[in-house]
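One file, data32.cif, is given below (mmCIF, C-alpha atoms).
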```cif
data_query
loop_
_atom_site.label_atom_id
_atom_site.label_comp_id
_atom_site.auth_asym_id
_atom_site.auth_seq_id
_atom_site.Cartn_x
_atom_site.Cartn_y
_atom_site.Cartn_z
CA MET A 1 84.56 98.35 92.66
CA GLU A 2 85.16 98.61 96.41
CA ASN A 3 87.63 96.10 97.78
CA PRO A 4 85.62 93.70 99.99
CA GLU A 5 88.68 93.24 102.22
CA GLU A 6 88.30 96.90 103.22
CA LEU A 7 84.59 96.90 104.09
CA GLY A 8 84.77 95.86 107.73
CA THR A 9 85.84 98.06 110.63
CA TYR A 10 88.54 95.57 111.53
CA HIS A 11 92.26 95.71 112.21
CA GLU A 12 94.11 95.95 108.88
CA GLY A 13 90.78 95.86 107.06
CA ASP A 14 90.08 92.13 107.11
CA ILE A 15 91.53 90.92 110.44
CA LEU A 16 89.11 90.33 113.31
CA ILE A 17 90.77 90.55 116.73
CA PRO A 18 88.65 89.35 119.67
CA MET A 19 88.65 91.68 122.67
CA ARG A 20 90.78 89.33 124.79
CA PHE A 21 93.62 89.53 122.25
CA ARG A 22 93.63 93.26 121.51
CA GLU A 23 96.46 94.23 123.83
CA ASP A 24 98.91 92.50 121.50
CA THR A 25 97.77 92.40 117.91
CA ARG A 26 101.13 91.21 116.65
CA ASN A 27 101.30 87.73 118.16
CA GLY A 28 100.17 85.79 115.12
CA LEU A 29 103.30 84.33 113.63
CA LEU A 30 105.56 83.38 116.54
CA ALA A 31 103.05 82.27 119.18
CA LEU A 32 102.88 78.47 118.98
CA SER A 33 99.48 78.51 120.68
CA THR A 34 97.93 80.11 117.58
CA ARG A 35 98.91 77.26 115.26
CA TRP A 36 96.64 74.40 114.29
CA PRO A 37 98.03 71.13 115.70
CA GLY A 38 99.43 68.93 112.96
CA GLY A 39 98.35 71.51 110.38
CA VAL A 40 94.78 70.14 110.50
CA VAL A 41 92.03 72.79 110.38
CA PRO A 42 88.51 71.48 111.05
CA TYR A 43 85.88 73.52 109.23
CA GLU A 44 82.17 73.90 108.67
CA ILE A 45 80.40 75.90 105.96
CA LYS A 46 77.41 77.72 107.44
CA GLY A 47 76.77 80.43 104.87
CA THR A 48 74.51 80.11 101.83
CA PHE A 49 76.76 79.96 98.79
CA THR A 50 76.19 79.27 95.10
CA PRO A 51 77.69 76.09 93.59
CA GLN A 52 80.43 78.18 91.92
CA GLU A 53 81.27 79.91 95.20
CA LEU A 54 81.50 76.55 96.98
CA ASP A 55 83.78 75.36 94.18
CA ASN A 56 86.07 78.34 94.82
CA ILE A 57 86.18 77.59 98.56
CA HIS A 58 87.06 73.95 97.91
CA HIS A 59 89.56 74.99 95.23
CA ALA A 60 91.27 77.12 97.89
CA PHE A 61 91.35 74.11 100.24
CA ASN A 62 92.88 71.99 97.48
CA GLU A 63 95.59 74.56 96.80
CA TYR A 64 96.68 74.12 100.43
CA HIS A 65 96.39 70.33 100.21
CA ASN A 66 98.47 70.16 97.03
CA LYS A 67 101.22 72.62 98.00
CA THR A 68 101.51 72.41 101.80
CA CYS A 69 100.89 69.95 104.63
CA ILE A 70 97.83 71.93 105.78
CA ARG A 71 94.64 69.86 105.71
CA PHE A 72 91.16 71.35 105.92
CA LYS A 73 88.93 68.64 107.37
CA GLN A 74 85.16 68.79 107.69
CA ARG A 75 84.35 69.20 111.36
CA THR A 76 82.70 66.44 113.34
CA VAL A 77 83.18 66.99 117.10
CA GLU A 78 86.37 69.08 117.20
CA ARG A 79 86.31 71.91 119.73
CA ASP A 80 88.50 74.30 117.72
CA TYR A 81 87.38 74.98 114.16
CA ILE A 82 86.65 77.61 111.54
CA SER A 83 83.12 78.40 110.46
CA ILE A 84 82.87 79.81 106.93
CA VAL A 85 79.99 82.28 106.71
CA ASN A 86 78.87 84.98 104.27
CA GLY A 87 77.72 87.94 106.32
CA LYS A 88 77.39 91.32 104.60
CA SER A 89 80.57 92.71 106.16
CA GLY A 90 83.23 91.92 103.57
CA CYS A 91 86.05 89.38 103.68
CA TRP A 92 87.71 88.81 107.05
CA SER A 93 89.28 86.32 109.43
CA SER A 94 91.01 86.13 112.78
CA ILE A 95 94.75 85.45 113.00
CA GLY A 96 95.63 81.87 113.85
CA ARG A 97 93.77 79.39 116.07
CA LEU A 98 91.83 81.18 118.80
CA GLY A 99 90.12 78.22 120.46
CA GLY A 100 86.50 77.25 119.94
CA ARG A 101 84.47 78.36 116.94
CA GLN A 102 85.94 81.19 114.87
CA GLU A 103 84.42 82.69 111.77
CA VAL A 104 85.93 83.30 108.36
CA ASN A 105 83.58 85.64 106.51
CA LEU A 106 83.39 85.47 102.71
CA GLN A 107 80.70 87.86 101.53
CA SER A 108 78.98 86.93 98.27
CA PRO A 109 79.79 87.64 95.54
CA ASN A 110 82.89 89.85 95.81
CA CYS A 111 84.92 87.64 98.16
CA LEU A 112 84.36 84.60 95.96
CA ARG A 113 84.86 85.71 92.38
CA THR A 114 88.02 83.57 92.38
CA TYR A 115 89.68 81.25 94.89
CA GLY A 116 92.44 83.80 95.65
CA THR A 117 90.53 85.71 98.32
CA PRO A 118 89.57 82.54 100.24
CA ILE A 119 93.26 81.56 100.11
CA HIS A 120 94.14 84.99 101.59
CA GLU A 121 91.62 84.77 104.44
CA LEU A 122 92.57 81.16 105.23
CA MET A 123 96.21 82.25 105.48
CA HIS A 124 95.10 84.68 108.18
CA ALA A 125 93.35 81.80 109.96
CA LEU A 126 96.61 79.83 109.82
CA GLY A 127 98.47 82.66 111.58
CA PHE A 128 99.75 85.07 108.92
CA LEU A 129 99.50 88.86 108.91
CA HIS A 130 99.66 91.08 105.83
CA GLU A 131 102.94 91.23 103.93
CA GLN A 132 103.22 95.04 103.98
CA ASN A 133 103.00 95.01 107.79
CA ARG A 134 106.36 93.26 108.11
CA TYR A 135 108.73 95.13 110.42
CA GLU A 136 111.25 95.74 107.60
CA ARG A 137 108.70 96.87 105.02
CA ASP A 138 110.02 100.47 104.87
CA ASP A 139 112.95 99.14 102.84
CA TYR A 140 110.51 97.89 100.18
CA VAL A 141 107.42 100.09 100.14
CA LYS A 142 106.61 103.62 101.27
CA VAL A 143 103.22 104.40 102.80
CA LEU A 144 101.79 107.56 101.20
CA SER A 145 99.80 108.71 104.20
CA GLU A 146 98.46 111.78 102.43
CA ASN A 147 96.30 109.49 100.28
CA VAL A 148 95.02 107.20 103.04
CA LYS A 149 91.40 107.50 104.16
CA PRO A 150 90.95 109.33 107.48
CA GLY A 151 91.20 106.96 110.43
CA MET A 152 92.71 104.16 108.34
CA MET A 153 96.45 104.60 108.98
CA SER A 154 96.31 101.79 111.54
CA ASN A 155 95.98 99.43 108.58
CA PHE A 156 99.59 100.24 107.68
CA GLU A 157 101.19 99.71 111.09
CA LYS A 158 104.36 97.63 111.13
CA GLY A 159 104.81 94.49 113.16
CA SER A 160 107.78 93.95 115.44
CA ALA A 161 110.69 91.56 115.04
CA ARG A 162 109.91 90.26 118.53
CA THR A 163 106.49 88.90 117.64
CA HIS A 164 106.53 88.67 113.85
CA SER A 165 108.63 86.39 111.65
CA ALA A 166 108.84 85.71 107.93
CA PHE A 167 110.88 82.55 108.59
CA GLY A 168 113.85 83.82 106.64
CA ILE A 169 111.83 84.47 103.47
CA GLY A 170 112.49 87.81 101.77
CA TYR A 171 109.90 90.53 101.26
CA ASP A 172 107.37 89.38 98.68
CA TYR A 173 105.65 91.90 96.42
CA ALA A 174 103.72 89.02 94.80
CA SER A 175 102.33 87.60 98.05
CA VAL A 176 98.61 86.88 98.17
CA MET A 177 98.85 88.62 101.58
CA HIS A 178 100.04 91.98 100.19
CA TYR A 179 97.80 95.03 99.85
CA SER A 180 97.34 96.62 96.44
CA SER A 181 98.95 99.98 95.68
CA THR A 182 95.63 101.81 96.26
CA SER A 183 94.32 100.00 99.35
CA PHE A 184 92.38 102.35 101.65
CA SER A 185 92.87 105.26 99.25
CA LYS A 186 90.65 108.29 99.81
CA ASN A 187 91.23 109.73 96.36
CA GLY A 188 92.15 106.86 94.03
CA LYS A 189 95.84 107.73 94.29
CA PRO A 190 98.44 105.21 95.53
CA THR A 191 98.78 104.53 99.24
CA LEU A 192 101.80 102.28 98.73
CA LYS A 193 104.83 103.13 96.60
CA VAL A 194 107.23 100.37 95.59
CA LEU A 195 110.84 101.35 96.43
CA ARG A 196 112.69 98.67 94.49
CA ASN A 197 112.93 97.79 90.84
CA HIS A 198 111.57 94.28 91.04
CA PRO A 199 109.64 92.27 88.43
CA ASP A 200 107.04 91.22 91.01
CA ALA A 201 106.16 94.83 91.87
CA ARG A 202 103.46 94.76 89.19
CA GLN A 203 101.70 91.98 91.10
CA LEU A 204 101.05 94.07 94.22
CA GLY A 205 97.69 93.06 95.67
CA GLN A 206 97.16 90.05 93.41
CA ARG A 207 94.49 87.58 94.52
CA ARG A 208 95.11 84.87 91.93
CA GLY A 209 96.64 82.53 94.49
CA PHE A 210 99.83 81.69 96.36
CA SER A 211 103.19 83.11 95.41
CA PRO A 212 106.12 80.66 95.74
CA SER A 213 107.20 82.50 98.90
CA ASP A 214 103.73 82.17 100.44
CA ILE A 215 104.00 78.40 100.07
CA ARG A 216 107.48 78.32 101.58
CA LYS A 217 106.39 80.37 104.60
CA ILE A 218 103.42 78.11 105.32
CA ASN A 219 105.59 75.02 105.05
CA LEU A 220 108.22 76.53 107.34
CA MET A 221 105.71 77.71 109.93
CA TYR A 222 104.03 74.31 110.11
CA LYS A 223 107.25 72.32 109.62
CA CYS A 224 105.87 70.57 106.57
CA LYS A 225 108.04 67.84 105.11
CA ILE A 226 107.33 68.53 101.44
#
```
Render the structure in this file as structure tokens.
Amino acid sequence: MENPEELGTYHEGDILIPMRFREDTRNGLLALSTRWPGGVVPYEIKGTFTPQELDNIHHAFNEYHNKTCIRFKQRTVERDYISIVNGKSGCWSSIGRLGGRQEVNLQSPNCLRTYGTPIHELMHALGFLHEQNRYERDDYVKVLSENVKPGMMSNFEKGSARTHSAFGIGYDYASVMHYSSTSFSKNGKPTLKVLRNHPDARQLGQRRGFSPSDIRKINLMYKCKI
């Protein structure tokens, strides 16, 4: 089954970057302007979803509510908010708060088989990039470029220490933000090779939900007192 996070022609597969932000695609984590004030994210649900899919979206919200200080709040008159839609273009989100209405696309049914993919896309909306794009990732994984689909190597670009921070949290193979070992593969062979003997290496690309380090990073970024 094709990974719905790879369907769109977006930066890193599932990251939508508006034209006005494309000169610097690595400003998500350190730019304070991209954070949601007080950790409150107003939202609306505009797509047509089944009851089970809506349950998975709200389950994702509740995972944030239970484990972080982030609060997804149904929009009333807020100017800045996310709009959850289900266009036929895969699973994708922008990075951080852009200002105004910004879409988070969760295509039915593949993006909503569990609540893990909504958690992943909402982490993008909070301001997080993919784990394997960390600037120090070459110490932990090797990109096997010979197996990557033509034109898709940009999905494996590294961030810079100047604009990208993990808030002191070590590299996390189990992160819900990590690609799988065969992401963007042209031949079914691995595109990412784990370089360390670590028990979490088997979880590469998991979409079951937060890892403990994911939770810590969110709470550090938003200065949660939990």
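This file, filtered with the PyMOL selection byres ((chain A and resi 150-152) around 9), gives the residues Glu12, Gly13, Asn147, Val148, Lys149, Met153, Ser154, Asn155, Phe156, Phe184 and Lys186 of chain A.
Minimum atom-to-atom distance to Asp200 of chain A, evaluated using all atoms listed in the file, belongs to A:Ser175 out of A:Gln52, A:Ser175, A:Ser108, A:Ser183.
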Fewer than 6 positions away in the same chain doesn't count, so skip those; otherwise give me all residues within 10 Å of Arg202 of chain A, counting all atoms listed in the file, as a JSON list (two decimals) with C-alpha atoms, in the coordinates of the input.
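Output contents, as saved in part-v5.json:
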```json
[["chain", "number", "residue", "atom", "x", "y", "z"],
["A", 173, "TYR", "CA", 105.65, 91.90, 96.42],
["A", 174, "ALA", "CA", 103.72, 89.02, 94.80],
["A", 180, "SER", "CA", 97.34, 96.62, 96.44],
["A", 181, "SER", "CA", 98.95, 99.98, 95.68],
["A", 194, "VAL", "CA", 107.23, 100.37, 95.59]]
```
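Of the listed residues (A:Gln206, A:Ser165, A:Asn197, A:Ser213), A:Gln206 comes nearest to His120 of chain A; the distances count all atoms listed in the file.
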### Task
Given the file shown, determine the residues that the PyMOL selection byres ((chain A and resi 131) around 10) selects; report them as a list in words.
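Answer for the PyMOL selection byres ((chain A and resi 131) around 10): Phe128, Leu129, His130, Gln132, Asn133, Arg134, Tyr135, Arg137, Lys158, Gly159, Ala166, Tyr171, Asp172, Tyr173, Ala174, Ser175, Val176, Met177, His178, Tyr179, Gly205 and Asp214 of chain A.
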Preceding selection exported with C-alpha atoms as a compact mmCIF listing (two decimals), keeping the file's coordinate frame:
```
# COMPACT_ATOMS: atom_id res chain seq x y z
CA PHE A 128 99.75 85.07 108.92
CA LEU A 129 99.50 88.86 108.91
CA HIS A 130 99.66 91.08 105.83
CA GLN A 132 103.22 95.04 103.98
CA ASN A 133 103.00 95.01 107.79
CA ARG A 134 106.36 93.26 108.11
CA TYR A 135 108.73 95.13 110.42
CA ARG A 137 108.70 96.87 105.02
CA LYS A 158 104.36 97.63 111.13
CA GLY A 159 104.81 94.49 113.16
CA ALA A 166 108.84 85.71 107.93
CA TYR A 171 109.90 90.53 101.26
CA ASP A 172 107.37 89.38 98.68
CA TYR A 173 105.65 91.90 96.42
CA ALA A 174 103.72 89.02 94.80
CA SER A 175 102.33 87.60 98.05
CA VAL A 176 98.61 86.88 98.17
CA MET A 177 98.85 88.62 101.58
CA HIS A 178 100.04 91.98 100.19
CA TYR A 179 97.80 95.03 99.85
CA GLY A 205 97.69 93.06 95.67
CA ASP A 214 103.73 82.17 100.44
```
#### Entry: Neighbour residues at most 6 Å from (91.1, 77.8, 98.2) (only C-alpha atoms) as a list in words
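Residues lying no farther than 6 Å from the given point: Ile57, His58, His59, Ala60, Phe61, Glu63, Tyr115, Pro118 and Ile119 of chain A.
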#### Entry: Between atom CA of Pro190 of chain A and atom CA of Tyr140 of chain A, distance in Å (one decimal)
14.9 Å
### Message
Once the PyMOL selection byres ((chain A and resi 36-40) around 7) has been evaluated on this model, what residues remain selected, and can you format them as a PyMOL selection string?
### Response
chain A and resi 34-35+41-42+69-73+97+222
### Task
Identify the residues within 10 Å of coordinate (111.2, 101.4, 96.5) (same frame as the file), considering all atoms listed in the file, and give the answer as a list in words.
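Within the cut-off we find Arg137, Asp138, Asp139, Tyr140, Val141, Lys142, Leu192, Lys193, Val194, Leu195, Arg196, Asn197, His198 and Ala201 of chain A.
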#### Entry: atom CA of Asn66 of chain A to atom CA of Val85 of chain A, straight-line distance in Å
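Atom-to-atom, atom CA of Val85 of chain A and atom CA of Asn66 of chain A are spaced 24.1 Å apart.
Each of A:Glu53, A:Glu44, A:Glu157, A:Glu146 was compared to Gln107 of chain A using all atoms listed in the file, and A:Glu53 turns out to be the nearest.
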### Message
Which residue is closest to Ser211 of chain A? Choose from A:Lys67, A:His164, A:Arg113, A:Lys189 and count all atoms listed in the file.
### Response
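When distances to Ser211 of chain A are compared using all atoms listed in the file, the smallest one comes from A:Lys67.
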#### Entry: Proximity to Arg79 of chain A - best of A:Gly96, A:Asn105, A:Tyr43, A:Ser160, only C-alpha atoms
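Result for the nearest residue to Arg79 of chain A: A:Tyr43.
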### Task
Compare A:Asn56, A:Gln203, A:Ser145, A:Thr68 by their minimum atom-to-atom distance to Lys223 of chain A, counting only C-alpha atoms, and give me the closest one.
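Among A:Asn56, A:Gln203, A:Ser145, A:Thr68, it is A:Thr68 that comes nearest to Lys223 of chain A.
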### Query
Interatomic distance between atom CA of Arg75 of chain A and atom CA of Glu103 of chain A?
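Straight-line distance from atom CA of Arg75 of chain A to atom CA of Glu103 of chain A works out to 13.5 Å.
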### Message
Excluding Asp80 of chain A and its own-chain neighbours fewer than 2 positions away, which residues fall within 7 Å of it when counting only C-alpha atoms? Please give them as a list of chain:residue names.
### Response
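Contacts, in chain order: A:Glu78, A:Gly99, A:Gly100, A:Arg101.
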Fill-in result for segment 39-62 of chain A, N, CA and C atoms as a tab-separated table (two decimals), in the frame of the given file:
```tsv
chain	number	residue	atom	x	y	z
A	39	GLY	N	98.76	70.86	111.62
A	39	GLY	CA	98.35	71.51	110.38
A	39	GLY	C	96.94	71.14	109.94
A	40	VAL	N	96.15	70.54	110.83
A	40	VAL	CA	94.78	70.14	110.50
A	40	VAL	C	93.81	71.21	110.99
A	41	VAL	N	92.99	71.72	110.06
A	41	VAL	CA	92.03	72.79	110.38
A	41	VAL	C	90.61	72.25	110.16
A	42	PRO	N	89.91	71.88	111.22
A	42	PRO	CA	88.51	71.48	111.05
A	42	PRO	C	87.67	72.68	110.60
A	43	TYR	N	86.70	72.42	109.73
A	43	TYR	CA	85.88	73.52	109.23
A	43	TYR	C	84.42	73.08	109.09
A	44	GLU	N	83.56	74.07	109.09
A	44	GLU	CA	82.17	73.90	108.67
A	44	GLU	C	81.83	75.05	107.74
A	45	ILE	N	80.88	74.84	106.85
A	45	ILE	CA	80.40	75.90	105.96
A	45	ILE	C	78.96	76.18	106.34
A	46	LYS	N	78.72	77.36	106.92
A	46	LYS	CA	77.41	77.72	107.44
A	46	LYS	C	76.68	78.73	106.55
A	47	GLY	N	77.41	79.44	105.72
A	47	GLY	CA	76.77	80.43	104.87
A	47	GLY	C	76.04	79.77	103.71
A	48	THR	N	75.20	80.56	103.04
A	48	THR	CA	74.51	80.11	101.83
A	48	THR	C	75.30	80.58	100.63
A	49	PHE	N	75.90	79.65	99.92
A	49	PHE	CA	76.76	79.96	98.79
A	49	PHE	C	76.24	79.29	97.52
A	50	THR	N	76.54	79.89	96.37
A	50	THR	CA	76.19	79.27	95.10
A	50	THR	C	77.14	78.10	94.84
A	51	PRO	N	76.77	77.19	93.92
A	51	PRO	CA	77.69	76.09	93.59
A	51	PRO	C	79.07	76.57	93.15
A	52	GLN	N	79.14	77.67	92.36
A	52	GLN	CA	80.43	78.18	91.92
A	52	GLN	C	81.24	78.72	93.09
A	53	GLU	N	80.57	79.39	94.03
A	53	GLU	CA	81.27	79.91	95.20
A	53	GLU	C	81.80	78.77	96.07
A	54	LEU	N	81.02	77.72	96.23
A	54	LEU	CA	81.50	76.55	96.98
A	54	LEU	C	82.68	75.92	96.27
A	55	ASP	N	82.63	75.89	94.93
A	55	ASP	CA	83.78	75.36	94.18
A	55	ASP	C	85.03	76.16	94.47
A	56	ASN	N	84.90	77.50	94.55
A	56	ASN	CA	86.07	78.34	94.82
A	56	ASN	C	86.61	78.12	96.23
A	57	ILE	N	85.73	77.90	97.20
A	57	ILE	CA	86.18	77.59	98.56
A	57	ILE	C	86.95	76.27	98.57
A	58	HIS	N	86.40	75.26	97.93
A	58	HIS	CA	87.06	73.95	97.91
A	58	HIS	C	88.33	73.98	97.05
A	59	HIS	N	88.34	74.82	96.02
A	59	HIS	CA	89.56	74.99	95.23
A	59	HIS	C	90.66	75.58	96.11
A	60	ALA	N	90.29	76.55	96.95
A	60	ALA	CA	91.27	77.12	97.89
A	60	ALA	C	91.80	76.04	98.83
A	61	PHE	N	90.90	75.22	99.39
A	61	PHE	CA	91.35	74.11	100.24
A	61	PHE	C	92.36	73.24	99.49
A	62	ASN	N	92.02	72.90	98.25
A	62	ASN	CA	92.88	71.99	97.48
A	62	ASN	C	94.24	72.59	97.16
```
